[in-house]
>>> print(open('work.txt').read())   # compact mmCIF, C-alpha atoms and all ligand atoms
# COMPACT_ATOMS: atom_id res chain seq x y z
CA MET O 1 4.62 27.34 52.49
CA ARG O 2 6.69 25.55 55.09
CA THR O 3 7.95 27.39 58.16
CA LYS O 4 11.45 28.86 58.06
CA ILE O 5 13.24 28.27 61.33
CA VAL O 6 16.46 29.33 63.03
CA ALA O 7 17.16 27.58 66.33
CA GLY O 8 20.05 28.36 68.68
CA ASN O 9 21.37 25.35 70.59
CA TRP O 10 23.44 26.74 73.47
CA LYS O 11 24.58 23.25 74.52
CA MET O 12 26.24 23.24 77.99
CA ASN O 13 27.26 26.91 77.81
CA MET O 14 26.33 30.09 79.68
CA ASN O 15 25.97 30.46 83.43
CA PHE O 16 22.61 31.64 84.69
CA GLU O 17 23.31 35.38 84.43
CA GLU O 18 24.98 35.11 81.02
CA GLY O 19 22.08 33.12 79.66
CA ILE O 20 19.51 35.64 80.80
CA GLN O 21 21.59 38.43 79.31
CA LEU O 22 21.95 36.64 75.97
CA SER O 23 18.23 35.96 75.68
CA SER O 24 17.41 39.55 76.67
CA GLU O 25 19.78 40.94 74.02
CA ILE O 26 18.22 38.74 71.36
CA ALA O 27 14.67 39.61 72.48
CA LYS O 28 15.44 43.33 72.47
CA THR O 29 16.70 43.39 68.88
CA TYR O 30 14.57 40.71 67.26
CA THR O 31 11.50 41.73 65.30
CA LYS O 32 9.37 39.07 63.72
CA LYS O 33 9.33 39.60 59.96
CA ASN O 34 7.18 36.93 58.39
CA GLN O 35 6.01 33.59 59.56
CA GLU O 36 9.50 32.49 60.59
CA GLU O 37 10.16 30.85 63.94
CA VAL O 38 13.22 31.72 66.00
CA ILE O 39 13.87 29.24 68.79
CA LEU O 40 16.20 29.58 71.78
CA ILE O 41 17.40 26.23 73.14
CA PRO O 42 19.23 26.93 76.41
CA PRO O 43 20.25 24.48 79.15
CA TYR O 44 17.44 23.44 81.54
CA ILE O 45 18.49 25.95 84.21
CA HIS O 46 17.50 28.83 81.92
CA LEU O 47 14.26 27.52 80.51
CA SER O 48 11.80 29.21 82.81
CA LYS O 49 13.38 32.66 82.67
CA VAL O 50 14.18 32.48 78.94
CA LYS O 51 10.57 31.48 78.27
CA GLU O 52 9.40 34.68 79.96
CA VAL O 53 11.81 36.85 77.99
CA ALA O 54 11.08 35.04 74.73
CA LEU O 55 7.32 35.14 74.97
CA ALA O 56 7.19 38.92 74.98
CA ALA O 57 9.42 39.07 71.87
CA GLY O 58 7.65 36.41 69.79
CA LEU O 59 10.52 33.93 70.17
CA LYS O 60 10.02 30.22 70.85
CA VAL O 61 11.88 28.11 73.40
CA GLY O 62 13.14 24.56 73.16
CA ALA O 63 14.77 22.02 75.48
CA GLN O 64 17.96 20.18 74.57
CA ASN O 65 16.75 16.80 75.77
CA VAL O 66 13.83 15.00 77.40
CA HIS O 67 13.22 11.72 79.18
CA PHE O 68 10.56 9.46 77.73
CA GLU O 69 8.93 8.43 81.02
CA LYS O 70 6.16 10.64 82.41
CA ASN O 71 7.56 10.89 85.94
CA GLY O 72 9.07 8.76 88.69
CA ALA O 73 12.44 7.60 89.99
CA PHE O 74 14.71 8.83 87.19
CA THR O 75 17.18 11.02 89.03
CA GLY O 76 18.53 13.85 86.95
CA GLU O 77 15.99 13.56 84.16
CA ILE O 78 13.22 15.91 82.94
CA SER O 79 9.97 14.68 81.37
CA ALA O 80 7.90 16.01 78.49
CA GLU O 81 5.07 16.59 80.95
CA GLN O 82 7.37 18.84 83.01
CA LEU O 83 8.49 20.74 79.90
CA ALA O 84 4.87 21.17 78.82
CA SER O 85 4.03 22.62 82.23
CA MET O 86 6.53 25.40 81.38
CA LYS O 87 4.98 25.87 77.92
CA ILE O 88 8.16 24.78 76.16
CA ASP O 89 7.52 24.69 72.41
CA TYR O 90 10.21 22.38 71.00
CA ALA O 91 12.81 19.81 72.09
CA LEU O 92 15.87 18.42 70.36
CA VAL O 93 15.91 14.66 69.90
CA GLY O 94 18.91 12.63 68.77
CA HIS O 95 21.55 15.34 68.60
CA SER O 96 24.82 13.65 67.60
CA GLU O 97 26.37 14.58 70.97
CA ARG O 98 23.55 12.75 72.77
CA ARG O 99 23.93 9.76 70.47
CA LYS O 100 27.69 9.69 70.97
CA TYR O 101 28.23 10.54 74.66
CA PHE O 102 24.96 9.30 76.14
CA HIS O 103 24.50 6.27 73.90
CA GLU O 104 20.93 7.07 72.95
CA SER O 105 19.52 4.24 70.89
CA ASN O 106 17.04 4.60 68.04
CA GLN O 107 14.33 3.03 70.17
CA ASP O 108 14.98 5.57 72.97
CA LEU O 109 14.71 8.36 70.40
CA LEU O 110 11.37 7.09 69.16
CA LYS O 111 10.07 6.94 72.76
CA LYS O 112 11.24 10.51 73.33
CA ILE O 113 9.48 11.70 70.19
CA LYS O 114 6.26 9.99 71.25
CA ALA O 115 6.48 11.42 74.78
CA LEU O 116 6.93 14.95 73.39
CA LEU O 117 4.11 14.63 70.87
CA ALA O 118 1.76 13.40 73.60
CA GLU O 119 2.41 16.70 75.39
CA GLY O 120 2.10 18.91 72.32
CA ILE O 121 5.84 19.71 72.15
CA ARG O 122 7.38 19.64 68.67
CA PRO O 123 10.48 17.42 68.35
CA ILE O 124 13.44 18.63 66.30
CA PHE O 125 14.88 15.33 65.15
CA CYS O 126 18.62 15.50 64.40
CA CYS O 127 20.39 13.24 61.94
CA GLY O 128 23.72 13.31 60.14
CA GLU O 129 26.67 11.14 59.16
CA GLU O 130 30.18 10.89 60.62
CA LEU O 131 33.18 11.80 58.48
CA GLU O 132 33.96 8.13 57.80
CA ALA O 133 30.55 7.59 56.25
CA ARG O 134 30.92 10.71 54.09
CA LYS O 135 34.36 9.59 52.89
CA SER O 136 33.04 6.14 52.05
CA ASP O 137 30.10 7.62 50.19
CA LEU O 138 27.71 6.13 52.73
CA HIS O 139 26.17 9.41 53.86
CA PHE O 140 22.78 9.00 52.16
CA LYS O 141 22.48 5.45 53.44
CA THR O 142 23.46 6.46 57.00
CA VAL O 143 20.92 9.25 57.20
CA ALA O 144 18.20 7.05 55.66
CA GLU O 145 18.93 4.50 58.43
CA GLN O 146 18.64 7.15 61.14
CA LEU O 147 15.31 8.34 59.73
CA LYS O 148 13.79 4.86 59.81
CA ILE O 149 12.30 5.25 63.30
CA LEU O 150 10.25 8.20 62.04
CA TRP O 151 8.31 5.98 59.66
CA GLU O 152 6.63 4.42 62.70
CA LEU O 153 4.79 7.68 63.38
CA SER O 154 1.31 8.39 62.12
CA LYS O 155 0.89 11.12 59.49
CA GLU O 156 -0.52 13.47 62.12
CA GLU O 157 2.41 12.80 64.45
CA PHE O 158 5.01 13.21 61.72
CA ALA O 159 3.47 16.52 60.63
CA GLN O 160 4.55 18.01 64.00
CA LEU O 161 8.21 17.14 63.47
CA VAL O 162 11.09 19.35 62.37
CA ILE O 163 14.17 17.59 60.95
CA ALA O 164 17.70 18.92 61.35
CA TYR O 165 20.44 17.54 59.11
CA GLU O 166 23.75 17.98 60.91
CA PRO O 167 26.77 16.25 59.38
CA VAL O 168 28.85 15.31 62.43
CA TRP O 169 32.09 16.38 60.73
CA ALA O 170 30.72 19.93 60.41
CA ILE O 171 29.58 20.37 64.03
CA GLY O 172 31.82 22.75 65.93
CA THR O 173 34.66 22.22 63.46
CA GLY O 174 34.39 25.36 61.37
CA GLU O 175 34.00 23.13 58.33
CA THR O 176 30.53 23.69 56.87
CA ALA O 177 28.88 21.42 54.34
CA SER O 178 28.84 23.18 50.99
CA SER O 179 25.45 24.49 49.96
CA LEU O 180 25.37 21.75 47.31
CA GLN O 181 26.11 19.01 49.86
CA ALA O 182 23.41 20.39 52.15
CA GLN O 183 20.87 20.75 49.34
CA GLU O 184 21.34 17.22 47.99
CA MET O 185 20.97 15.66 51.44
CA HIS O 186 17.93 17.80 52.28
CA ALA O 187 16.33 16.86 48.96
CA SER O 188 16.95 13.19 49.64
CA ILE O 189 15.42 13.50 53.15
CA ARG O 190 12.36 15.21 51.67
CA ALA O 191 12.06 12.49 49.03
CA LEU O 192 12.01 9.85 51.79
CA VAL O 193 9.34 11.80 53.68
CA LYS O 194 7.29 11.97 50.49
CA GLU O 195 7.63 8.24 49.96
CA HIS O 196 6.27 7.53 53.45
CA TYR O 197 3.74 10.32 54.06
CA GLY O 198 2.95 11.81 50.66
CA LYS O 199 3.66 15.09 48.92
CA PRO O 200 1.75 17.62 51.06
CA ILE O 201 3.44 16.47 54.28
CA ALA O 202 6.86 16.37 52.60
CA GLU O 203 6.37 19.85 51.18
CA ASN O 204 5.38 21.18 54.61
CA CYS O 205 8.25 19.59 56.54
CA SER O 206 10.88 22.08 57.71
CA ILE O 207 14.38 20.65 57.27
CA LEU O 208 17.14 22.64 58.98
CA TYR O 209 20.87 22.53 58.32
CA GLY O 210 23.31 22.47 61.25
CA GLY O 211 27.09 22.37 61.46
CA SER O 212 29.30 25.50 61.59
CA CYS O 213 26.52 27.68 60.21
CA LYS O 214 27.70 31.29 60.65
CA PRO O 215 26.64 34.78 59.55
CA ASP O 216 28.91 34.57 56.50
CA ASN O 217 27.62 31.26 55.13
CA ALA O 218 24.00 31.23 56.34
CA ALA O 219 22.47 33.10 53.40
CA GLU O 220 23.93 30.76 50.80
CA LEU O 221 22.79 27.68 52.73
CA PHE O 222 19.30 29.07 53.34
CA GLU O 223 18.89 29.95 49.66
CA GLN O 224 18.88 26.27 48.75
CA ALA O 225 15.45 24.99 47.76
CA ASP O 226 15.23 22.33 50.48
CA VAL O 227 17.07 24.12 53.29
CA ASP O 228 14.46 25.74 55.52
CA GLY O 229 16.75 27.33 58.08
CA GLY O 230 19.41 26.31 60.56
CA LEU O 231 20.23 24.71 63.88
CA ILE O 232 23.02 26.88 65.22
CA GLY O 233 25.51 25.92 67.94
CA GLY O 234 28.57 28.14 68.47
CA ALA O 235 27.22 31.19 66.66
CA SER O 236 24.04 31.17 68.78
CA LEU O 237 26.08 32.22 71.84
CA ASN O 238 26.60 35.71 70.46
CA SER O 239 23.46 37.80 69.97
CA ASN O 240 24.82 39.73 66.95
CA ASP O 241 25.92 36.57 65.14
CA PHE O 242 22.70 34.77 65.95
CA LEU O 243 20.54 37.67 64.75
CA ALA O 244 22.62 38.01 61.60
CA ILE O 245 21.85 34.37 60.85
CA VAL O 246 18.15 34.99 61.56
CA ASN O 247 18.28 37.89 59.10
CA ALA O 248 19.74 35.60 56.46
CA LEU O 249 16.47 33.65 56.37
P1 LIG Y 1 27.84 24.34 65.55
O1 LIG Y 1 26.82 23.29 66.25
O2 LIG Y 1 26.99 25.40 64.91
O3 LIG Y 1 28.66 24.86 66.69
O4 LIG Y 1 28.62 23.57 64.56
C1 LIG Y 1 25.61 22.91 65.63
C2 LIG Y 1 24.87 21.93 66.50
O5 LIG Y 1 25.49 21.04 67.09
O6 LIG Y 1 23.62 22.00 66.63
>>> encode(input="work.txt", output="structure tokens")
Amino acid sequence: MRTKIVAGNWKMNMNFEEGIQLSSEIAKTYTKKNQEEVILIPPYIHLSKVKEVALAAGLKVGAQNVHFEKNGAFTGEISAEQLASMKIDYALVGHSERRKYFHESNQDLLKKIKALLAEGIRPIFCCGEELEARKSDLHFKTVAEQLKILWELSKEEFAQLVIAYEPVWAIGTGETASSLQAQEMHASIRALVKEHYGKPIAENCSILYGGSCKPDNAAELFEQADVDGGLIGGASLNSNDFLAIVNAL
């Protein structure tokens, strides 16, 4: 059975106090039910404190980004080694906002994945098409292109990865992919994983949906056979909404 996951990506929101309060509220109410993983992904300034709060409640913590070099003169960047020294469990790689505003190339993303894996941190690799590609019926092709860098990983490396399918047109727009649209893309991602790494690895790979996932649509999305949970942006900033989505797992 693959792991069900709900991850809350706070993006560049929450001042220090607000972030601590949000994580404390979530930690106070959350009780681990099965083997699910609930991951808080705050900005860097919160990581250390949120890790403390999360640990006691059985929650995991992720970083929103990482630099691929180990250390050195890279002002403003944080390495996988530094994240590992704080016992960070996961890190996002290739979120569409990073691809768009920070021009992250596929080769950079592969280096980030390798740097994280070398430190025992699990990458959450994000993929998803823009509206144009969806309208032109190029969404499967676009996502298959984005996934190509993953096929350079060994089986053991790939087995550590979580994939998040986030159609760009659904992120922060209030327009969610229908459960059918999500399911067919997730199934096609899993089929590609199977082609490259075989059935057991494909069956074990958690594939999350992201893009305007809310308490009122989470259950229907998570019921789909190949949707193993969600990567939540806006709704992760409110503890009640976030926990309602967790409960929909
Ligand atoms: P959203 O963001 O839930 O606010 O659409 C999802 C994401 O970008 O991870």
>>> residues_near_ligand(input="work.txt", ligand="ligand LIG 1 (chain Y)", cutoff="6 Å", atoms="all atoms listed in the file", output="VMD selection string")
chain O and resid 9 170 to 172 210 to 213 231 to 234
>>> closest_residue(input="work.txt", among="O:Gln35, O:His46, O:Thr29, O:Glu130", to="O:Asn15", atoms="all atoms listed in the file")
O:His46
>>> atom_distance(input="work.txt", atom1="atom CA of O:Leu92", atom2="atom CA of O:Asp137")
26.9 Å
>>> atom_distance(input="work.txt", atom1="atom CA of O:Ala57", atom2="atom CA of O:Val38")
10.1 Å
>>> atom_distance(input="work.txt", atom1="atom CA of O:Glu37", atom2="atom CA of O:Gln146")
25.3 Å
>>> closest_residue(input="work.txt", among="O:Ala235, O:Ser23, O:Ala84, O:Phe74", to="O:Ala54", atoms="all atoms listed in the file")
O:Ser23
>>> closest_residue(input="work.txt", among="O:Lys199, O:Lys28, O:Arg190, O:Arg98", to="O:Val143", atoms="all atoms listed in the file")
O:Arg190
>>> closest_residue(input="work.txt", among="O:Tyr44, O:Val168, O:Glu119, O:Asn13", to="O:Glu77", atoms="all atoms listed in the file")
O:Tyr44
>>> closest_residue(input="work.txt", among="O:Leu59, O:Ala115, O:Ala133, O:Ile201", to="O:Arg2", atoms="all atoms listed in the file")
O:Ile201
>>> residues_around(input="work.txt", residues="O:Ser96", least_positions_apart="4", cutoff="10 Å", atoms="all atoms listed in the file", output="list in words")
Lys100, Tyr101, Phe102, His103, Glu104, Cys126, Cys127, Gly128, Glu129, Glu130, Glu166, Pro167, Val168 and Ile171 of chain O
>>> residues_around(input="work.txt", residues="O:Tyr90", least_positions_apart="5", cutoff="8 Å", atoms="only C-alpha atoms", output="number ranges by chain")
O: 60-63, 121-124
>>> residues_around(input="work.txt", residues="O:Lys4", least_positions_apart="2", cutoff="9 Å", atoms="only C-alpha atoms", output="list of chain:residue names")
O:Met1, O:Arg2, O:Val6, O:Gln35, O:Glu36, O:Glu37, O:Val38, O:Ser206, O:Ile207, O:Leu208, O:Val227, O:Asp228, O:Gly229, O:Gly230, O:Leu249
>>> residues_around(input="work.txt", residues="O:Trp151", least_positions_apart="4", cutoff="9 Å", atoms="all atoms listed in the file", output="list in words")
Leu147, Phe158, Val193, His196 and Tyr197 of chain O
>>> residues_around(input="work.txt", residues="stretch 80-83 of chain O", least_positions_apart="2", cutoff="10 Å", atoms="all atoms listed in the file", output="ChimeraX atom specification")
/O:44,47-48,62-63,65-71,78,85-91,112-121
>>> closest_residue(input="work.txt", among="O:Ser188, O:Leu109, O:Glu220, O:Glu195", to="O:Thr176", atoms="only C-alpha atoms")
O:Glu220
>>> build_atoms(input="work.txt", residues="stretch 221-232 of chain O", atoms="all heavy atoms", output="tab-separated table (two decimals), keeping the file's coordinate frame")
chain	number	residue	atom	x	y	z
O	221	LEU	N	23.43	28.95	52.35
O	221	LEU	CA	22.79	27.68	52.73
O	221	LEU	C	21.27	27.81	52.68
O	221	LEU	O	20.57	26.96	52.13
O	221	LEU	CB	23.23	27.28	54.15
O	221	LEU	CG	24.66	26.75	54.28
O	221	LEU	CD1	25.16	26.85	55.71
O	221	LEU	CD2	24.75	25.30	53.79
O	222	PHE	N	20.76	28.91	53.24
O	222	PHE	CA	19.30	29.07	53.34
O	222	PHE	C	18.64	29.33	51.98
O	222	PHE	O	17.43	29.20	51.85
O	222	PHE	CB	18.93	30.22	54.30
O	222	PHE	CG	19.40	30.02	55.73
O	222	PHE	CD1	19.33	31.05	56.65
O	222	PHE	CD2	19.89	28.79	56.16
O	222	PHE	CE1	19.76	30.88	57.97
O	222	PHE	CE2	20.33	28.60	57.46
O	222	PHE	CZ	20.26	29.65	58.37
O	223	GLU	N	19.44	29.72	51.00
O	223	GLU	CA	18.89	29.95	49.66
O	223	GLU	C	18.55	28.64	48.94
O	223	GLU	O	17.82	28.65	47.94
O	223	GLU	CB	19.94	30.65	48.79
O	223	GLU	CG	19.79	32.14	48.73
O	223	GLU	CD	21.03	32.80	48.15
O	223	GLU	OE1	21.80	32.13	47.40
O	223	GLU	OE2	21.25	33.98	48.47
O	224	GLN	N	19.11	27.55	49.43
O	224	GLN	CA	18.88	26.27	48.75
O	224	GLN	C	17.41	25.86	48.89
O	224	GLN	O	16.81	26.06	49.94
O	224	GLN	CB	19.78	25.17	49.33
O	224	GLN	CG	21.26	25.51	49.33
O	224	GLN	CD	21.75	25.92	47.95
O	224	GLN	OE1	21.54	25.20	46.98
O	224	GLN	NE2	22.39	27.07	47.86
O	225	ALA	N	16.89	25.27	47.83
O	225	ALA	CA	15.45	24.99	47.76
O	225	ALA	C	14.93	24.17	48.93
O	225	ALA	O	13.81	24.38	49.39
O	225	ALA	CB	15.15	24.27	46.45
O	226	ASP	N	15.73	23.21	49.42
O	226	ASP	CA	15.23	22.33	50.48
O	226	ASP	C	15.81	22.62	51.86
O	226	ASP	O	15.62	21.84	52.78
O	226	ASP	CB	15.49	20.87	50.08
O	226	ASP	CG	14.59	20.46	48.94
O	226	ASP	OD1	13.38	20.32	49.17
O	226	ASP	OD2	15.07	20.36	47.79
O	227	VAL	N	16.51	23.74	51.98
O	227	VAL	CA	17.07	24.12	53.29
O	227	VAL	C	16.15	25.20	53.88
O	227	VAL	O	16.03	26.29	53.33
O	227	VAL	CB	18.52	24.65	53.15
O	227	VAL	CG1	19.08	25.08	54.51
O	227	VAL	CG2	19.42	23.57	52.54
O	228	ASP	N	15.49	24.85	54.98
O	228	ASP	CA	14.46	25.74	55.52
O	228	ASP	C	14.91	26.51	56.75
O	228	ASP	O	14.08	26.98	57.54
O	228	ASP	CB	13.21	24.91	55.85
O	228	ASP	CG	12.76	24.10	54.65
O	228	ASP	OD1	12.63	24.69	53.56
O	228	ASP	OD2	12.58	22.87	54.79
O	229	GLY	N	16.22	26.60	56.94
O	229	GLY	CA	16.75	27.33	58.08
O	229	GLY	C	17.88	26.56	58.71
O	229	GLY	O	18.45	25.66	58.08
O	230	GLY	N	18.22	26.91	59.96
O	230	GLY	CA	19.41	26.31	60.56
O	230	GLY	C	19.27	26.00	62.04
O	230	GLY	O	18.50	26.63	62.75
O	231	LEU	N	20.05	25.00	62.45
O	231	LEU	CA	20.23	24.71	63.88
O	231	LEU	C	21.66	25.16	64.20
O	231	LEU	O	22.62	24.62	63.66
O	231	LEU	CB	20.03	23.21	64.16
O	231	LEU	CG	20.23	22.73	65.60
O	231	LEU	CD1	19.37	23.52	66.58
O	231	LEU	CD2	19.89	21.24	65.71
O	232	ILE	N	21.75	26.18	65.04
O	232	ILE	CA	23.02	26.88	65.22
O	232	ILE	C	23.60	26.59	66.60
O	232	ILE	O	22.91	26.79	67.60
O	232	ILE	CB	22.79	28.41	65.10
O	232	ILE	CG1	21.81	28.77	63.97
O	232	ILE	CG2	24.11	29.16	64.97
O	232	ILE	CD1	22.21	28.32	62.59
